[in-house]
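Visitor: Dropping a structure here in structure tokens format, bear with me for questions.
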Amino acid sequence: MKSFRADYIFPVYADPIKNGIVTVDDFGKIISVTDSNNPPGGPIENVSGIICPGFVNTHCHLELSHLKAKIKTGGGLVSFIKDVQAFRNSDGQLVTEAIEKADQEMYNNGIVAVGDISNTNLSLATKAKSKLYYHTFVETFGFLPQNAADVFDKAMALLNEFKPLSASITPHAPYSVSKELFKLVRKHSEEGHNLISIHNQECEDENKFYRYKLGGFLDLYQHFGLDISFFKPQARNSVQSIIPLLSNKQKVLLVHNTCTNLKDIYFIKRFDRKVNFCFCPNANVYIEGKLPKIELFVDQGFNITLGTDSLASNDSLCILSEMRAIQKKFPALSTERLIKWGTLNGAEFLGIDDEKGSLQVGKTPGLNLITGLDGLKITPEAKVKKLI
């Protein structure tokens, strides 16, 4: 049994406790969370900073870990997609080693659970032996309607490779998935495989394509030799076009949302859909040089989570770094709120909040110590240390 006293304990499900004490057993299970007036028996280790649960990273691409520092920053999403496709077919051993290193990096950075995007089985061996919990989103690409059935069948085959690990089939993005493929994923979701994660509105060209059939995506389709003459402008943004294709039996994670506006948010609220939002600010800056208008999403009734995206679009896989980036741009967002986004909210989306996400008796959420704060603000010097 171990007990830690910190400047603050953030249970997440309840208010922070100043000079609080958290006690865990030898397996990391929470025994008690209390204030200094009710100390547990036995020795107590005093630490400086905030103790919170282990982080939940709801959006990552382990498969792209070997692309760290290979793609230039600020080139925009269309250029980024071309570069990823050009570089991703690297030596298998190199890819595997990078995946294992990235998995260890997340563990060291206090991450306990991950929603990971996969297009191949290259991450399977690492996930099977990892200390982290993974839910794998087997990603489908197929904008041509006639290819939908074949694309879906291949995704089903890959999904079966990941069993018995937690996994589901997901659409990649509005601009890369046909209506026919969306419908096949929806039907599969209604059979019980209900978690999906969709890249959403990462750049203005995505909305421009859906509204007017103009912009950089036309060049992208041409680059990949795709005839999209069948596609007609939808006269509305991409997310508004795909929400009706989803089911209220799906738990939907809309990821990035860099160019999502208030009209989009209100449109989503009109539908009976289980929508969650994920922000990956460092990747947004890396690719597009801009952040989402995060303040628009606050207090709208949606579950908000955090992700790191991949090392192809980020310098590290660290949820604290994502919190720092958000709070620097939006200082009114409290550390308490950001920690909830990076812990309990992510655990709730992944369906593991019975074990992870908050410091509650009986859970095994992991313990992180955040140091280098200015009061309760996240500074450039702030660091995270995994206690349990």
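Every chain in the structure tokens has a letter given in the order shown (A, B, ...), and although residue numbers restart at 1 in each chain, ligands are simply numbered from 1 in the order shown.
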I need the residues in stretch 121-309 of chain A that are helix (DSSP H, G or I) according to DSSP; give them as a PyMOL selection string.

Guide: chain A and resi 124-129+145-162+174-176+179-189+204-212+216-223+238-245+262-269+281-288+294-296

Visitor: DSSP on the backbone: which residues in stretch 109-253 of chain A end up as strand (DSSP E or B)? Give the answer as a VMD selection string.

Guide: chain A and resid 111 to 118 133 to 140 142 167 to 171 177 195 to 200 251 to 253

Visitor: For stretch 168-173 of chain A, work out the shell of residues within 7 Å, counting only C-alpha atoms and skipping chain neighbours fewer than 2 positions away, then give it as a ChimeraX atom specification.

Guide: /A:136-141,155,159,175-177,182,185,193,195-200

Visitor: Within 10 Å of stretch 61-67 of chain A, which residues of stretch 250-328 of chain A come that close, and what is the closest atom pair and distance in Å for each? Count only C-alpha atoms and give it as a Markdown table.

Guide:
```
| residue | atom | partner | partner_atom | distance |
| --- | --- | --- | --- | --- |
| A:Thr308 | CA | A:His61 | CA | 8.8 |
| A:Asp309 | CA | A:His61 | CA | 6.1 |
| A:Ser310 | CA | A:His61 | CA | 4.8 |
| A:Leu311 | CA | A:Ser65 | CA | 5.0 |
| A:Ala312 | CA | A:Leu67 | CA | 4.7 |
| A:Ser313 | CA | A:Leu67 | CA | 8.4 |
| A:Asn314 | CA | A:Ser65 | CA | 9.7 |
| A:Ser316 | CA | A:Ser65 | CA | 9.9 |
| A:Leu317 | CA | A:Ser65 | CA | 9.8 |
```

Visitor: Can I get the selection written as an mmCIF file, in the first residue's frame, with all heavy atoms?

Guide:
```cif
data_model
loop_
_atom_site.group_PDB
_atom_site.id
_atom_site.type_symbol
_atom_site.label_atom_id
_atom_site.label_comp_id
_atom_site.auth_asym_id
_atom_site.auth_seq_id
_atom_site.Cartn_x
_atom_site.Cartn_y
_atom_site.Cartn_z
ATOM 1 N N THR A 308 -3.429 13.175 -29.190
ATOM 2 C CA THR A 308 -2.099 13.649 -29.600
ATOM 3 C C THR A 308 -1.907 13.616 -31.113
ATOM 4 O O THR A 308 -0.957 14.193 -31.610
ATOM 5 C CB THR A 308 -0.998 12.766 -28.989
ATOM 6 O OG1 THR A 308 -1.168 11.415 -29.454
ATOM 7 C CG2 THR A 308 -1.049 12.802 -27.464
ATOM 8 N N ASP A 309 -2.812 12.918 -31.841
ATOM 9 C CA ASP A 309 -2.563 12.575 -33.233
ATOM 10 C C ASP A 309 -1.257 11.780 -33.301
ATOM 11 O O ASP A 309 -0.822 11.210 -32.304
ATOM 12 C CB ASP A 309 -2.547 13.815 -34.116
ATOM 13 C CG ASP A 309 -3.020 13.533 -35.548
ATOM 14 O OD1 ASP A 309 -3.409 12.395 -35.850
ATOM 15 O OD2 ASP A 309 -2.983 14.460 -36.377
ATOM 16 N N SER A 310 -0.607 11.745 -34.454
ATOM 17 C CA SER A 310 0.563 10.875 -34.615
ATOM 18 C C SER A 310 1.859 11.670 -34.542
ATOM 19 O O SER A 310 1.874 12.899 -34.594
ATOM 20 C CB SER A 310 0.495 10.176 -35.967
ATOM 21 O OG SER A 310 0.803 11.097 -37.010
ATOM 22 N N LEU A 311 2.969 10.937 -34.475
ATOM 23 C CA LEU A 311 4.284 11.588 -34.511
ATOM 24 C C LEU A 311 4.610 12.115 -35.907
ATOM 25 O O LEU A 311 5.601 12.830 -36.070
ATOM 26 C CB LEU A 311 5.363 10.618 -34.038
ATOM 27 C CG LEU A 311 5.356 10.346 -32.532
ATOM 28 C CD1 LEU A 311 6.359 9.251 -32.173
ATOM 29 C CD2 LEU A 311 5.657 11.620 -31.735
ATOM 30 N N ALA A 312 3.782 11.799 -36.897
ATOM 31 C CA ALA A 312 3.935 12.435 -38.211
ATOM 32 C C ALA A 312 3.552 13.903 -38.145
ATOM 33 O O ALA A 312 3.998 14.711 -38.968
ATOM 34 C CB ALA A 312 3.078 11.718 -39.250
ATOM 35 N N SER A 313 2.711 14.263 -37.148
ATOM 36 C CA SER A 313 2.202 15.634 -37.040
ATOM 37 C C SER A 313 2.386 16.213 -35.642
ATOM 38 O O SER A 313 1.718 17.169 -35.266
ATOM 39 C CB SER A 313 0.716 15.661 -37.406
ATOM 40 O OG SER A 313 -0.011 14.798 -36.547
ATOM 41 N N ASN A 314 3.284 15.642 -34.869
ATOM 42 C CA ASN A 314 3.496 16.107 -33.501
ATOM 43 C C ASN A 314 4.920 15.772 -33.090
ATOM 44 O O ASN A 314 5.505 14.800 -33.578
ATOM 45 C CB ASN A 314 2.502 15.432 -32.554
ATOM 46 C CG ASN A 314 2.196 16.266 -31.316
ATOM 47 O OD1 ASN A 314 2.982 17.107 -30.908
ATOM 48 N ND2 ASN A 314 1.038 16.025 -30.720
ATOM 49 N N SER A 316 5.699 15.055 -29.904
ATOM 50 C CA SER A 316 5.650 14.113 -28.790
ATOM 51 C C SER A 316 4.224 13.586 -28.639
ATOM 52 O O SER A 316 3.285 14.152 -29.201
ATOM 53 C CB SER A 316 6.100 14.781 -27.485
ATOM 54 O OG SER A 316 5.184 15.795 -27.106
ATOM 55 N N LEU A 317 4.091 12.514 -27.866
ATOM 56 C CA LEU A 317 2.782 11.943 -27.556
ATOM 57 C C LEU A 317 2.527 12.186 -26.078
ATOM 58 O O LEU A 317 2.786 11.329 -25.241
ATOM 59 C CB LEU A 317 2.757 10.450 -27.904
ATOM 60 C CG LEU A 317 3.093 10.103 -29.358
ATOM 61 C CD1 LEU A 317 3.113 8.598 -29.561
ATOM 62 C CD2 LEU A 317 2.126 10.772 -30.327
#
```

Visitor: Quick one: of A:Phe230, A:Tyr286, A:Tyr107, A:Phe277, who's nearest to A:Trp341, counting only C-alpha atoms?

Guide: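 Nearest to A:Trp341: A:Phe277.
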
Visitor: Might you pull out every residue within 7 Å of A:Arg186, with only C-alpha atoms counted and same-chain residues fewer than 3 positions away left off, and present them as a PyMOL selection string?

Guide: chain A and resi 182-183+189-190+246-247

Visitor: Report, in Å with one decimal, the straight-line distance from atom CA of A:Gln234 to atom CA of A:Gly142.

Guide: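 A separation of 18.4 Å between them.
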
Visitor: Mind running stretch 227-269 of chain A against stretch 349-359 of chain A at 10 Å and telling me each contacting residue's nearest atom pair with the distance in Å (one decimal), counting only C-alpha atoms, chain and number ascending, as a Markdown table?

Guide:
```
| residue | atom | partner | partner_atom | distance |
| --- | --- | --- | --- | --- |
| A:Lys251 | CA | A:Phe349 | CA | 7.4 |
| A:Val252 | CA | A:Phe349 | CA | 8.6 |
| A:Leu253 | CA | A:Phe349 | CA | 8.0 |
```

Visitor: With distances taken over only C-alpha atoms, which residue among A:Asp7, A:Pro244, A:Leu367, A:Glu322 lies nearest A:Arg270?

Guide: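 For A:Arg270, the nearest of the candidates is A:Pro244.
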
Visitor: Choose the residue, out of A:Thr335, A:His223, A:Pro174, A:Thr120, that has the smallest atom-to-atom separation from A:Asp374; count only C-alpha atoms.

Guide: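 For A:Asp374, the nearest of the candidates is A:Thr335.
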
Visitor: Which residues, written as a PyMOL selection string, have at least one atom at most 10 Å from A:Ile50, with only C-alpha atoms counted and residues fewer than 2 positions away on the same chain left out?

Guide: chain A and resi 5-10+16-20+47-48+52+368-373+376+384

Visitor: Which of these residues is nearest to A:Ile268, using only C-alpha atoms: A:Gln250, A:Asn108, A:Asn121, A:Gln240?

Guide: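 The closest residue to A:Ile268 is A:Gln240.
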
Visitor: Just checking: using only C-alpha atoms, which residue out of A:Lys386, A:Arg88, A:Lys263, A:Arg273 ends up closest to A:Lys70?

Guide: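 Checking each of A:Lys386, A:Arg88, A:Lys263, A:Arg273 against A:Lys70, counting only C-alpha atoms, the winner is A:Arg88.
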
Visitor: Which neighbours of A:Gly41 fall inside 12 Å, counting only C-alpha atoms, when residues of the same chain fewer than 6 positions from it are skipped, and could you give them as a VMD selection string?

Guide: chain A and resid 1 to 4 21 to 23 31 to 32

Visitor: Keeping all heavy atoms for every residue in the selection just given, could you write it to a file as a PDB file, in the first residue's frame?

Guide:
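Output below, filename again.pdb:
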```pdb
ATOM      1  N   MET A   1       0.844  -1.198   0.000  1.00  0.00           N
ATOM      2  CA  MET A   1       0.000   0.000   0.000  1.00  0.00           C
ATOM      3  C   MET A   1       0.878   1.247   0.000  1.00  0.00           C
ATOM      4  O   MET A   1       1.888   1.301   0.699  1.00  0.00           O
ATOM      5  CB  MET A   1      -0.918   0.001   1.231  1.00  0.00           C
ATOM      6  CG  MET A   1      -2.017   1.026   1.168  1.00  0.00           C
ATOM      7  SD  MET A   1      -3.281   0.794   2.435  1.00  0.00           S
ATOM      8  CE  MET A   1      -2.392   1.335   3.886  1.00  0.00           C
ATOM      9  N   LYS A   2       0.504   2.262  -0.798  1.00  0.00           N
ATOM     10  CA  LYS A   2       1.256   3.512  -0.881  1.00  0.00           C
ATOM     11  C   LYS A   2       0.301   4.689  -0.721  1.00  0.00           C
ATOM     12  O   LYS A   2      -0.819   4.662  -1.243  1.00  0.00           O
ATOM     13  CB  LYS A   2       1.979   3.637  -2.226  1.00  0.00           C
ATOM     14  CG  LYS A   2       3.058   2.606  -2.471  1.00  0.00           C
ATOM     15  CD  LYS A   2       3.714   2.837  -3.822  1.00  0.00           C
ATOM     16  CE  LYS A   2       4.806   1.818  -4.085  1.00  0.00           C
ATOM     17  NZ  LYS A   2       5.426   2.018  -5.423  1.00  0.00           N
ATOM     18  N   SER A   3       0.766   5.715  -0.021  1.00  0.00           N
ATOM     19  CA  SER A   3      -0.011   6.949   0.139  1.00  0.00           C
ATOM     20  C   SER A   3       0.822   8.135  -0.313  1.00  0.00           C
ATOM     21  O   SER A   3       2.022   8.212  -0.025  1.00  0.00           O
ATOM     22  CB  SER A   3      -0.431   7.134   1.600  1.00  0.00           C
ATOM     23  OG  SER A   3      -1.312   6.112   2.007  1.00  0.00           O
ATOM     24  N   PHE A   4       0.189   9.067  -1.029  1.00  0.00           N
ATOM     25  CA  PHE A   4       0.856  10.271  -1.523  1.00  0.00           C
ATOM     26  C   PHE A   4       0.050  11.494  -1.088  1.00  0.00           C
ATOM     27  O   PHE A   4      -1.170  11.527  -1.280  1.00  0.00           O
ATOM     28  CB  PHE A   4       0.955  10.261  -3.044  1.00  0.00           C
ATOM     29  CG  PHE A   4       1.710   9.094  -3.617  1.00  0.00           C
ATOM     30  CD1 PHE A   4       1.047   7.938  -3.986  1.00  0.00           C
ATOM     31  CD2 PHE A   4       3.083   9.162  -3.791  1.00  0.00           C
ATOM     32  CE1 PHE A   4       1.720   6.863  -4.535  1.00  0.00           C
ATOM     33  CE2 PHE A   4       3.779   8.094  -4.341  1.00  0.00           C
ATOM     34  CZ  PHE A   4       3.101   6.937  -4.701  1.00  0.00           C
ATOM     35  N   ILE A  21      -4.679  13.537   0.116  1.00  0.00           N
ATOM     36  CA  ILE A  21      -3.913  12.291   0.199  1.00  0.00           C
ATOM     37  C   ILE A  21      -4.659  11.211  -0.578  1.00  0.00           C
ATOM     38  O   ILE A  21      -5.861  11.024  -0.399  1.00  0.00           O
ATOM     39  CB  ILE A  21      -3.735  11.830   1.659  1.00  0.00           C
ATOM     40  CG1 ILE A  21      -3.052  12.924   2.499  1.00  0.00           C
ATOM     41  CG2 ILE A  21      -2.914  10.528   1.723  1.00  0.00           C
ATOM     42  CD1 ILE A  21      -3.068  12.648   3.986  1.00  0.00           C
ATOM     43  N   VAL A  22      -3.926  10.519  -1.451  1.00  0.00           N
ATOM     44  CA  VAL A  22      -4.507   9.383  -2.171  1.00  0.00           C
ATOM     45  C   VAL A  22      -3.712   8.132  -1.810  1.00  0.00           C
ATOM     46  O   VAL A  22      -2.481   8.158  -1.742  1.00  0.00           O
ATOM     47  CB  VAL A  22      -4.508   9.618  -3.699  1.00  0.00           C
ATOM     48  CG1 VAL A  22      -3.103   9.859  -4.237  1.00  0.00           C
ATOM     49  CG2 VAL A  22      -5.152   8.453  -4.427  1.00  0.00           C
ATOM     50  N   THR A  23      -4.434   7.061  -1.554  1.00  0.00           N
ATOM     51  CA  THR A  23      -3.821   5.793  -1.162  1.00  0.00           C
ATOM     52  C   THR A  23      -4.217   4.712  -2.151  1.00  0.00           C
ATOM     53  O   THR A  23      -5.391   4.590  -2.520  1.00  0.00           O
ATOM     54  CB  THR A  23      -4.271   5.382   0.251  1.00  0.00           C
ATOM     55  OG1 THR A  23      -3.921   6.424   1.177  1.00  0.00           O
ATOM     56  CG2 THR A  23      -3.599   4.083   0.684  1.00  0.00           C
ATOM     57  N   ILE A  31      -7.571   3.024  -2.786  1.00  0.00           N
ATOM     58  CA  ILE A  31      -8.089   2.612  -1.473  1.00  0.00           C
ATOM     59  C   ILE A  31      -8.853   3.758  -0.823  1.00  0.00           C
ATOM     60  O   ILE A  31      -9.937   3.578  -0.252  1.00  0.00           O
ATOM     61  CB  ILE A  31      -6.954   2.159  -0.541  1.00  0.00           C
ATOM     62  CG1 ILE A  31      -6.187   0.992  -1.169  1.00  0.00           C
ATOM     63  CG2 ILE A  31      -7.496   1.778   0.835  1.00  0.00           C
ATOM     64  CD1 ILE A  31      -7.023  -0.232  -1.429  1.00  0.00           C
ATOM     65  N   SER A  32      -8.284   4.972  -0.937  1.00  0.00           N
ATOM     66  CA  SER A  32      -8.959   6.139  -0.363  1.00  0.00           C
ATOM     67  C   SER A  32      -8.429   7.416  -0.985  1.00  0.00           C
ATOM     68  O   SER A  32      -7.299   7.464  -1.477  1.00  0.00           O
ATOM     69  CB  SER A  32      -8.765   6.192   1.159  1.00  0.00           C
ATOM     70  OG  SER A  32      -7.408   6.473   1.482  1.00  0.00           O
TER      71      SER A  32
END
```

Visitor: Tell me which of A:Asp35, A:Gly362, A:Cys318, A:Asn147 sits closest to A:Glu105, counting only C-alpha atoms.

Guide: A:Cys318

Visitor: Distance atom CA of A:Leu306-atom CA of A:Cys278, one decimal place?

Guide: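 Pair atom CA of A:Leu306 / atom CA of A:Cys278 returns 5.1 Å.
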
Visitor: I'd like a table as CSV: residues in stretch 8-68 of chain A with an atom no more than 12 Å from stretch 288-304 of chain A, each row giving the shortest atom pair and its distance in Å to one decimal, only C-alpha atoms counted, sorted by chain and rising residue number.

Guide:
```
residue,atom,partner,partner_atom,distance
A:Val56,CA,A:Ile304,CA,11.8
A:Asn57,CA,A:Ile304,CA,11.8
A:Thr58,CA,A:Ile304,CA,10.2
```

Visitor: Quick one: residues within 6 Å of A:Gly215, only C-alpha atoms counted, chain neighbours fewer than 2 positions away excluded, as a count of residues only?

Guide: 3
